[in-house]
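Since the structure comes first, as structure tokens, the remarks are kept for the end.
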Protein chains: 2
Amino acid sequence: MHPTRLASLLIVASLAATSLASSAKDTPAKPPAHKPASPIYGVVVPDDYRQWQLVGVATEDAPLDELRAVVGNRIAIDAYRLGKLPFPDGAMLVKLAWKRQRSAEFPPATVPGSATTVQVMVKDSKRYASSGGWGYGRFVDGKPVDKAQHETCFACHNALVKARDDVFTKFMP
Amino acid sequence: MHPTRLASLLIVASLAATSLASSAKDTPAKPPAHKPASPIYGVVVPDDYRQWQLVGVATEDAPLDELRAVVGNRIAIDAYRLGKLPFPDGAMLVKLAWKRQRSAEFPPATVPGSATTVQVMVKDSKRYASSGGWGYGRFVDGKPVDKAQHETCFACHNALVKARDDVFTKFMP
């Protein structure tokens, strides 16, 4: 085989390895422009968050009456595992929430009903310097809720869990 | 460069690609022999289940009073997403459970307290032919609970959710 052809093959093999490596990583921080973004922060729902690892779970009482799960991208999970605070730029957390309902098959359990909100936190210490480095987005049916709701995010997080870099959910091993 | 050396490099690059690909997959079905295995089924806690994707969440009432999350390996998640029943061999599900407690920072929420059980389902239609193709394991502090508890798994799952291949937890998008 001609050395040039072999060199090309090497490059192809190397690119394949790189592609495999990067496909195992999380969404790049820049989302496509067409996705609806939250007011104030311009945060969008990450494409692949449903593939992210679990951080923890929770319920919220009535009137919301919800079951919740928080997942994090690779950067966020690594920071949790290392106990690294503040979270590094690029960390993203997504909270999934559903109405809580009695299980039809096993009555001692409650299980998720219809989905309610998807809530997103994106760390970018420069872009979001005035809100503790976090950009916030709350979405219903893929669309961001209004500006007034987004004005409450930072104040509440910062008032209640400033010592954990404004993040409520703890990583549950 | 000598063709033999170039061929070796190609093999190395190819192995690197293979290694990256397989590292992104789930645990092989055969666990190390030293891990404590459940009675009846010989199921162990998979090494990497905490990296698996979320299936769904639940609570269970008192006296257990728990918050729960179920995660699945790649084979299980793919089957859920495709609506494929029965689950294919190699599918694994793990339920994490914690005592449910009031959030200190945000009282309308309940959050995980101490971990209680880790429960495992492993699909192997030949090995577990007499229990619907699933092997079961319930673990406390990494150790399997007794045989009597394991005798209840299949009967209950099969009585209540046979139509979903004996799996309670639905995938919540």
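Chain lettering (A, B, ...) mirrors the order of the structure tokens, residue numbering begins at 1 for each chain separately, and ligand numbering begins at 1 in order of display.
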Notebook entry, point to check: For chain A against chain B, which residues fall within 6 Å using only C-alpha atoms, given as a PyMOL selection string?
Noted result: chain A and resi 10+13+17+51+53+58-61+105+108-111+160
Write out chain B, as a tab-separated table (two decimals) with C-alpha atoms, in the first residue's frame, after superposing it onto chain A by least squares using every C-alpha atom paired in order.
chain	number	residue	atom	x	y	z
B	1	MET	CA	0.21	0.22	0.05
B	2	HIS	CA	1.45	3.74	-0.70
B	3	PRO	CA	2.54	5.62	2.43
B	4	THR	CA	0.21	8.55	1.58
B	5	ARG	CA	-2.75	6.18	1.46
B	6	LEU	CA	-1.71	4.59	4.73
B	7	ALA	CA	-1.39	8.03	6.30
B	8	SER	CA	-4.92	8.86	5.11
B	9	LEU	CA	-6.21	5.67	6.68
B	10	LEU	CA	-4.53	6.57	9.94
B	11	ILE	CA	-6.22	9.95	9.86
B	12	VAL	CA	-9.58	8.30	9.18
B	13	ALA	CA	-9.08	5.86	12.07
B	14	SER	CA	-8.02	8.71	14.31
B	15	LEU	CA	-11.07	10.77	13.34
B	16	ALA	CA	-13.29	7.77	14.04
B	17	ALA	CA	-11.77	7.51	17.51
B	18	THR	CA	-12.27	11.24	18.09
B	19	SER	CA	-15.85	11.04	16.89
B	20	LEU	CA	-16.60	8.12	19.23
B	21	ALA	CA	-15.02	10.00	22.10
B	22	SER	CA	-16.96	13.18	21.49
B	23	SER	CA	-20.26	11.38	20.93
B	24	ALA	CA	-19.92	10.03	24.47
B	25	LYS	CA	-19.72	13.58	25.82
B	26	ASP	CA	-22.42	16.07	26.56
B	27	THR	CA	-24.06	18.67	24.41
B	28	PRO	CA	-21.86	21.61	23.55
B	29	ALA	CA	-22.81	24.79	25.37
B	30	LYS	CA	-23.97	26.49	22.14
B	31	PRO	CA	-27.44	25.28	21.22
B	32	PRO	CA	-29.05	25.63	17.80
B	33	ALA	CA	-30.48	29.12	17.45
B	34	HIS	CA	-34.02	27.95	16.65
B	35	LYS	CA	-34.73	26.51	20.11
B	36	PRO	CA	-36.91	28.69	22.33
B	37	ALA	CA	-34.75	30.40	24.96
B	38	SER	CA	-35.67	31.60	28.42
B	39	PRO	CA	-36.18	35.32	29.05
B	40	ILE	CA	-33.38	37.16	30.87
B	41	TYR	CA	-30.93	34.24	30.51
B	42	GLY	CA	-31.34	32.89	26.99
B	43	VAL	CA	-31.14	29.30	28.28
B	44	VAL	CA	-32.55	26.49	26.13
B	45	VAL	CA	-33.47	22.88	26.92
B	46	PRO	CA	-30.36	20.77	26.18
B	47	ASP	CA	-30.98	18.22	23.43
B	48	ASP	CA	-29.69	15.16	25.22
B	49	TYR	CA	-30.46	15.76	28.87
B	50	ARG	CA	-32.55	12.62	29.13
B	51	GLN	CA	-29.32	10.64	28.66
B	52	TRP	CA	-27.58	12.40	31.55
B	53	GLN	CA	-26.87	10.80	34.90
B	54	LEU	CA	-29.19	11.07	37.85
B	55	VAL	CA	-28.26	13.53	40.60
B	56	GLY	CA	-31.20	13.09	42.98
B	57	VAL	CA	-34.97	12.92	43.37
B	58	ALA	CA	-37.57	14.89	45.32
B	59	THR	CA	-41.22	15.57	45.83
B	60	GLU	CA	-42.93	18.91	46.14
B	61	ASP	CA	-46.10	19.30	48.18
B	62	ALA	CA	-49.50	20.47	46.97
B	63	PRO	CA	-50.54	22.59	45.20
B	64	LEU	CA	-47.77	21.49	42.81
B	65	ASP	CA	-47.88	17.90	44.11
B	66	GLU	CA	-44.99	16.70	42.00
B	67	LEU	CA	-42.33	14.05	41.71
B	68	ARG	CA	-38.99	15.35	40.49
B	69	ALA	CA	-35.67	14.08	39.24
B	70	VAL	CA	-32.54	16.11	38.61
B	71	VAL	CA	-29.98	14.96	36.04
B	72	GLY	CA	-26.61	16.52	35.24
B	73	ASN	CA	-24.22	16.61	32.32
B	74	ARG	CA	-20.74	15.14	32.60
B	75	ILE	CA	-19.19	18.36	33.90
B	76	ALA	CA	-21.82	18.70	36.61
B	77	ILE	CA	-21.64	15.03	37.70
B	78	ASP	CA	-17.84	15.13	37.85
B	79	ALA	CA	-18.02	18.27	40.01
B	80	TYR	CA	-20.54	16.62	42.35
B	81	ARG	CA	-18.41	13.49	42.69
B	82	LEU	CA	-15.29	15.52	43.44
B	83	GLY	CA	-17.17	17.88	45.73
B	84	LYS	CA	-15.97	20.74	43.54
B	85	LEU	CA	-17.61	24.09	44.33
B	86	PRO	CA	-18.38	26.36	42.61
B	87	PHE	CA	-19.47	24.21	39.67
B	88	PRO	CA	-17.21	24.78	36.66
B	89	ASP	CA	-18.32	26.54	33.50
B	90	GLY	CA	-20.25	24.19	31.24
B	91	ALA	CA	-21.98	22.41	34.11
B	92	MET	CA	-25.67	21.89	33.36
B	93	LEU	CA	-28.49	20.58	35.51
B	94	VAL	CA	-31.99	19.70	34.38
B	95	LYS	CA	-34.92	19.04	36.67
B	96	LEU	CA	-37.74	16.91	35.29
B	97	ALA	CA	-41.08	17.18	37.08
B	98	TRP	CA	-44.33	15.26	36.89
B	99	LYS	CA	-47.65	15.34	38.66
B	100	ARG	CA	-47.56	12.80	41.46
B	101	GLN	CA	-50.23	10.13	41.36
B	102	ARG	CA	-51.11	6.90	43.13
B	103	SER	CA	-49.78	3.81	41.37
B	104	ALA	CA	-52.58	1.79	39.77
B	105	GLU	CA	-50.67	-1.47	40.17
B	106	PHE	CA	-49.15	-0.95	43.59
B	107	PRO	CA	-51.20	1.40	45.78
B	108	PRO	CA	-48.54	2.05	48.48
B	109	ALA	CA	-46.51	3.82	45.79
B	110	THR	CA	-46.88	7.16	44.06
B	111	VAL	CA	-45.52	7.47	40.53
B	112	PRO	CA	-45.15	10.14	37.84
B	113	GLY	CA	-48.23	11.29	35.97
B	114	SER	CA	-48.16	13.99	33.31
B	115	ALA	CA	-44.99	16.02	32.84
B	116	THR	CA	-45.18	19.58	34.17
B	117	THR	CA	-41.99	21.66	33.92
B	118	VAL	CA	-38.44	21.13	32.73
B	119	GLN	CA	-36.02	23.41	34.56
B	120	VAL	CA	-32.48	24.09	33.46
B	121	MET	CA	-29.39	25.61	35.10
B	122	VAL	CA	-26.36	26.39	32.97
B	123	LYS	CA	-23.05	27.52	34.47
B	124	ASP	CA	-21.21	30.29	32.66
B	125	SER	CA	-19.41	32.46	35.15
B	126	LYS	CA	-18.84	35.30	32.70
B	127	ARG	CA	-22.15	35.38	30.87
B	128	TYR	CA	-24.15	34.99	34.07
B	129	ALA	CA	-21.86	36.90	36.42
B	130	SER	CA	-24.77	38.89	37.84
B	131	SER	CA	-26.71	35.74	38.86
B	132	GLY	CA	-24.06	33.71	40.62
B	133	GLY	CA	-22.72	32.30	37.36
B	134	TRP	CA	-25.91	30.39	36.58
B	135	GLY	CA	-28.36	30.94	33.78
B	136	TYR	CA	-31.88	29.68	34.44
B	137	GLY	CA	-34.66	28.38	32.23
B	138	ARG	CA	-38.09	27.05	33.13
B	139	PHE	CA	-40.04	25.35	30.34
B	140	VAL	CA	-43.55	24.00	29.92
B	141	ASP	CA	-44.18	21.86	26.84
B	142	GLY	CA	-40.78	22.96	25.53
B	143	LYS	CA	-41.60	26.67	25.79
B	144	PRO	CA	-40.09	29.04	28.35
B	145	VAL	CA	-42.39	30.55	30.94
B	146	ASP	CA	-42.61	34.31	31.32
B	147	LYS	CA	-40.03	36.82	32.46
B	148	ALA	CA	-41.67	37.39	35.84
B	149	GLN	CA	-41.15	33.74	36.78
B	150	HIS	CA	-37.54	33.88	35.67
B	151	GLU	CA	-36.95	36.90	37.86
B	152	THR	CA	-37.48	34.72	40.93
B	153	CYS	CA	-34.92	31.99	40.15
B	154	PHE	CA	-31.65	33.51	41.26
B	155	ALA	CA	-33.00	35.34	44.31
B	156	CYS	CA	-34.51	32.17	45.77
B	157	HIS	CA	-31.60	29.84	44.95
B	158	ASN	CA	-29.08	32.35	46.25
B	159	ALA	CA	-31.03	33.07	49.42
B	160	LEU	CA	-31.48	29.41	50.34
B	161	VAL	CA	-28.46	27.44	49.07
B	162	LYS	CA	-25.69	29.94	48.45
B	163	ALA	CA	-23.26	27.68	50.30
B	164	ARG	CA	-23.83	24.99	47.66
B	165	ASP	CA	-23.29	27.38	44.74
B	166	ASP	CA	-27.03	28.04	44.48
B	167	VAL	CA	-27.82	24.36	43.79
B	168	PHE	CA	-30.55	22.73	45.85
B	169	THR	CA	-30.18	19.11	44.78
B	170	LYS	CA	-27.48	17.00	46.41
B	171	PHE	CA	-25.90	14.09	44.62
B	172	MET	CA	-27.30	10.84	46.02
B	173	PRO	CA	-24.84	7.96	45.59
List every residue of chain B that DSSP, applied to the backbone of this structure, assigns to strand (DSSP E or B), and report them as a PDB file with N, CA and C atoms, in the first residue's frame.
ATOM      1  N   GLN B  53     -28.795   5.521  32.656  1.00  0.00           N
ATOM      2  CA  GLN B  53     -29.835   6.531  32.466  1.00  0.00           C
ATOM      3  C   GLN B  53     -31.048   6.282  33.360  1.00  0.00           C
ATOM      4  N   LEU B  54     -31.691   7.372  33.690  1.00  0.00           N
ATOM      5  CA  LEU B  54     -32.899   7.338  34.502  1.00  0.00           C
ATOM      6  C   LEU B  54     -34.066   6.736  33.725  1.00  0.00           C
ATOM      7  N   VAL B  55     -34.798   5.834  34.379  1.00  0.00           N
ATOM      8  CA  VAL B  55     -36.053   5.340  33.821  1.00  0.00           C
ATOM      9  C   VAL B  55     -37.214   6.138  34.411  1.00  0.00           C
ATOM     10  N   GLY B  56     -37.346   6.121  35.735  1.00  0.00           N
ATOM     11  CA  GLY B  56     -38.431   6.844  36.381  1.00  0.00           C
ATOM     12  C   GLY B  56     -38.187   6.969  37.878  1.00  0.00           C
ATOM     13  N   VAL B  57     -39.092   7.639  38.555  1.00  0.00           N
ATOM     14  CA  VAL B  57     -38.967   7.871  39.993  1.00  0.00           C
ATOM     15  C   VAL B  57     -40.270   7.461  40.674  1.00  0.00           C
ATOM     16  N   ALA B  58     -40.229   7.306  41.978  1.00  0.00           N
ATOM     17  CA  ALA B  58     -41.425   6.910  42.728  1.00  0.00           C
ATOM     18  C   ALA B  58     -41.231   7.212  44.202  1.00  0.00           C
ATOM     19  N   THR B  59     -42.328   7.159  44.925  1.00  0.00           N
ATOM     20  CA  THR B  59     -42.252   7.128  46.382  1.00  0.00           C
ATOM     21  C   THR B  59     -42.906   5.834  46.837  1.00  0.00           C
ATOM     22  N   GLU B  60     -42.558   5.409  48.045  1.00  0.00           N
ATOM     23  CA  GLU B  60     -43.354   4.350  48.670  1.00  0.00           C
ATOM     24  C   GLU B  60     -43.746   4.811  50.071  1.00  0.00           C
ATOM     25  N   GLU B  66     -40.166   5.940  51.453  1.00  0.00           N
ATOM     26  CA  GLU B  66     -38.954   6.069  50.641  1.00  0.00           C
ATOM     27  C   GLU B  66     -39.166   6.894  49.379  1.00  0.00           C
ATOM     28  N   LEU B  67     -38.069   7.448  48.909  1.00  0.00           N
ATOM     29  CA  LEU B  67     -37.967   7.993  47.557  1.00  0.00           C
ATOM     30  C   LEU B  67     -37.156   6.998  46.746  1.00  0.00           C
ATOM     31  N   ARG B  68     -37.547   6.818  45.492  1.00  0.00           N
ATOM     32  CA  ARG B  68     -36.885   5.816  44.662  1.00  0.00           C
ATOM     33  C   ARG B  68     -36.580   6.345  43.273  1.00  0.00           C
ATOM     34  N   ALA B  69     -35.539   5.811  42.690  1.00  0.00           N
ATOM     35  CA  ALA B  69     -35.224   6.090  41.291  1.00  0.00           C
ATOM     36  C   ALA B  69     -34.809   4.782  40.649  1.00  0.00           C
ATOM     37  N   VAL B  70     -35.288   4.553  39.438  1.00  0.00           N
ATOM     38  CA  VAL B  70     -34.878   3.369  38.684  1.00  0.00           C
ATOM     39  C   VAL B  70     -34.021   3.817  37.504  1.00  0.00           C
ATOM     40  N   VAL B  71     -32.883   3.154  37.343  1.00  0.00           N
ATOM     41  CA  VAL B  71     -31.998   3.417  36.198  1.00  0.00           C
ATOM     42  C   VAL B  71     -31.853   2.121  35.405  1.00  0.00           C
ATOM     43  N   GLY B  72     -31.505   2.249  34.135  1.00  0.00           N
ATOM     44  CA  GLY B  72     -31.380   1.064  33.288  1.00  0.00           C
ATOM     45  C   GLY B  72     -30.112   1.109  32.455  1.00  0.00           C
ATOM     46  N   MET B  92     -30.774  -4.708  32.122  1.00  0.00           N
ATOM     47  CA  MET B  92     -30.641  -4.647  33.581  1.00  0.00           C
ATOM     48  C   MET B  92     -31.286  -3.371  34.101  1.00  0.00           C
ATOM     49  N   LEU B  93     -31.975  -3.515  35.206  1.00  0.00           N
ATOM     50  CA  LEU B  93     -32.603  -2.380  35.882  1.00  0.00           C
ATOM     51  C   LEU B  93     -32.134  -2.357  37.329  1.00  0.00           C
ATOM     52  N   VAL B  94     -31.871  -1.170  37.832  1.00  0.00           N
ATOM     53  CA  VAL B  94     -31.493  -1.029  39.240  1.00  0.00           C
ATOM     54  C   VAL B  94     -32.372   0.040  39.874  1.00  0.00           C
ATOM     55  N   LYS B  95     -32.959  -0.307  40.990  1.00  0.00           N
ATOM     56  CA  LYS B  95     -33.738   0.668  41.755  1.00  0.00           C
ATOM     57  C   LYS B  95     -32.929   1.124  42.964  1.00  0.00           C
ATOM     58  N   LEU B  96     -32.723   2.429  43.053  1.00  0.00           N
ATOM     59  CA  LEU B  96     -32.080   3.029  44.224  1.00  0.00           C
ATOM     60  C   LEU B  96     -33.193   3.519  45.140  1.00  0.00           C
ATOM     61  N   ALA B  97     -33.011   3.382  46.433  1.00  0.00           N
ATOM     62  CA  ALA B  97     -34.052   3.819  47.377  1.00  0.00           C
ATOM     63  C   ALA B  97     -33.417   4.498  48.579  1.00  0.00           C
ATOM     64  N   TRP B  98     -34.094   5.549  49.034  1.00  0.00           N
ATOM     65  CA  TRP B  98     -33.624   6.303  50.194  1.00  0.00           C
ATOM     66  C   TRP B  98     -34.808   6.604  51.104  1.00  0.00           C
ATOM     67  N   LYS B  99     -34.529   6.746  52.382  1.00  0.00           N
ATOM     68  CA  LYS B  99     -35.546   7.266  53.285  1.00  0.00           C
ATOM     69  C   LYS B  99     -35.927   8.662  52.801  1.00  0.00           C
ATOM     70  N   ARG B 100     -37.210   8.959  52.919  1.00  0.00           N
ATOM     71  CA  ARG B 100     -37.725  10.241  52.443  1.00  0.00           C
ATOM     72  C   ARG B 100     -37.777  11.205  53.614  1.00  0.00           C
ATOM     73  N   GLN B 101     -37.198  12.366  53.443  1.00  0.00           N
ATOM     74  CA  GLN B 101     -37.199  13.332  54.542  1.00  0.00           C
ATOM     75  C   GLN B 101     -37.490  14.746  54.034  1.00  0.00           C
ATOM     76  N   ARG B 102     -37.973  15.567  54.925  1.00  0.00           N
ATOM     77  CA  ARG B 102     -38.278  16.958  54.608  1.00  0.00           C
ATOM     78  C   ARG B 102     -36.988  17.701  54.278  1.00  0.00           C
ATOM     79  N   ALA B 109     -40.543  20.632  49.979  1.00  0.00           N
ATOM     80  CA  ALA B 109     -39.985  19.480  49.276  1.00  0.00           C
ATOM     81  C   ALA B 109     -39.611  18.369  50.242  1.00  0.00           C
ATOM     82  N   THR B 110     -39.685  17.117  49.756  1.00  0.00           N
ATOM     83  CA  THR B 110     -39.025  16.016  50.447  1.00  0.00           C
ATOM     84  C   THR B 110     -37.887  15.531  49.555  1.00  0.00           C
ATOM     85  N   VAL B 111     -36.816  15.085  50.215  1.00  0.00           N
ATOM     86  CA  VAL B 111     -35.579  14.733  49.510  1.00  0.00           C
ATOM     87  C   VAL B 111     -35.017  13.433  50.084  1.00  0.00           C
ATOM     88  N   PRO B 112     -34.057  12.824  49.402  1.00  0.00           N
ATOM     89  CA  PRO B 112     -33.507  11.566  49.911  1.00  0.00           C
ATOM     90  C   PRO B 112     -32.716  11.750  51.205  1.00  0.00           C
ATOM     91  N   GLY B 113     -32.922  10.821  52.128  1.00  0.00           N
ATOM     92  CA  GLY B 113     -32.088  10.732  53.317  1.00  0.00           C
ATOM     93  C   GLY B 113     -31.126   9.565  53.135  1.00  0.00           C
ATOM     94  N   SER B 114     -31.016   8.700  54.125  1.00  0.00           N
ATOM     95  CA  SER B 114     -30.056   7.608  54.021  1.00  0.00           C
ATOM     96  C   SER B 114     -30.526   6.559  53.009  1.00  0.00           C
ATOM     97  N   ALA B 115     -29.564   5.944  52.338  1.00  0.00           N
ATOM     98  CA  ALA B 115     -29.871   4.905  51.363  1.00  0.00           C
ATOM     99  C   ALA B 115     -30.402   3.673  52.097  1.00  0.00           C
ATOM    100  N   THR B 116     -31.352   2.990  51.480  1.00  0.00           N
ATOM    101  CA  THR B 116     -31.935   1.803  52.112  1.00  0.00           C
ATOM    102  C   THR B 116     -31.557   0.546  51.312  1.00  0.00           C
ATOM    103  N   THR B 117     -32.276   0.284  50.232  1.00  0.00           N
ATOM    104  CA  THR B 117     -31.974  -0.901  49.427  1.00  0.00           C
ATOM    105  C   THR B 117     -31.535  -0.517  48.019  1.00  0.00           C
ATOM    106  N   VAL B 118     -30.788  -1.424  47.409  1.00  0.00           N
ATOM    107  CA  VAL B 118     -30.521  -1.371  45.970  1.00  0.00           C
ATOM    108  C   VAL B 118     -31.098  -2.664  45.400  1.00  0.00           C
ATOM    109  N   GLN B 119     -31.987  -2.522  44.419  1.00  0.00           N
ATOM    110  CA  GLN B 119     -32.665  -3.704  43.880  1.00  0.00           C
ATOM    111  C   GLN B 119     -32.377  -3.835  42.392  1.00  0.00           C
ATOM    112  N   VAL B 120     -32.077  -5.053  41.995  1.00  0.00           N
ATOM    113  CA  VAL B 120     -31.555  -5.308  40.655  1.00  0.00           C
ATOM    114  C   VAL B 120     -32.439  -6.331  39.937  1.00  0.00           C
ATOM    115  N   MET B 121     -32.696  -6.091  38.662  1.00  0.00           N
ATOM    116  CA  MET B 121     -33.325  -7.082  37.779  1.00  0.00           C
ATOM    117  C   MET B 121     -32.415  -7.291  36.583  1.00  0.00           C
ATOM    118  N   VAL B 122     -32.132  -8.536  36.283  1.00  0.00           N
ATOM    119  CA  VAL B 122     -31.258  -8.890  35.163  1.00  0.00           C
ATOM    120  C   VAL B 122     -32.007  -9.846  34.239  1.00  0.00           C
ATOM    121  N   LYS B 123     -32.073  -9.499  32.959  1.00  0.00           N
ATOM    122  CA  LYS B 123     -32.790 -10.361  32.010  1.00  0.00           C
ATOM    123  C   LYS B 123     -31.856 -11.390  31.397  1.00  0.00           C
ATOM    124  N   TRP B 134     -36.310 -13.082  34.327  1.00  0.00           N
ATOM    125  CA  TRP B 134     -35.611 -12.096  35.163  1.00  0.00           C
ATOM    126  C   TRP B 134     -34.974 -12.756  36.385  1.00  0.00           C
ATOM    127  N   GLY B 135     -33.747 -12.358  36.662  1.00  0.00           N
ATOM    128  CA  GLY B 135     -33.116 -12.668  37.929  1.00  0.00           C
ATOM    129  C   GLY B 135     -33.234 -11.454  38.831  1.00  0.00           C
ATOM    130  N   TYR B 136     -33.447 -11.692  40.111  1.00  0.00           N
ATOM    131  CA  TYR B 136     -33.680 -10.598  41.057  1.00  0.00           C
ATOM    132  C   TYR B 136     -32.605 -10.557  42.140  1.00  0.00           C
ATOM    133  N   GLY B 137     -32.289  -9.354  42.589  1.00  0.00           N
ATOM    134  CA  GLY B 137     -31.389  -9.210  43.728  1.00  0.00           C
ATOM    135  C   GLY B 137     -31.764  -7.993  44.541  1.00  0.00           C
ATOM    136  N   ARG B 138     -31.882  -8.180  45.840  1.00  0.00           N
ATOM    137  CA  ARG B 138     -32.151  -7.041  46.741  1.00  0.00           C
ATOM    138  C   ARG B 138     -30.996  -6.946  47.727  1.00  0.00           C
ATOM    139  N   PHE B 139     -30.404  -5.754  47.809  1.00  0.00           N
ATOM    140  CA  PHE B 139     -29.173  -5.561  48.570  1.00  0.00           C
ATOM    141  C   PHE B 139     -29.313  -4.424  49.588  1.00  0.00           C
ATOM    142  N   VAL B 140     -28.738  -4.659  50.752  1.00  0.00           N
ATOM    143  CA  VAL B 140     -28.653  -3.615  51.779  1.00  0.00           C
ATOM    144  C   VAL B 140     -27.180  -3.476  52.135  1.00  0.00           C
ATOM    145  N   LYS B 143     -24.930  -5.957  50.497  1.00  0.00           N
ATOM    146  CA  LYS B 143     -25.093  -7.401  50.775  1.00  0.00           C
ATOM    147  C   LYS B 143     -26.518  -7.843  50.474  1.00  0.00           C
ATOM    148  N   PRO B 144     -26.674  -9.007  49.858  1.00  0.00           N
ATOM    149  CA  PRO B 144     -28.020  -9.472  49.525  1.00  0.00           C
ATOM    150  C   PRO B 144     -28.825  -9.796  50.776  1.00  0.00           C
TER     151      PRO B 144
END
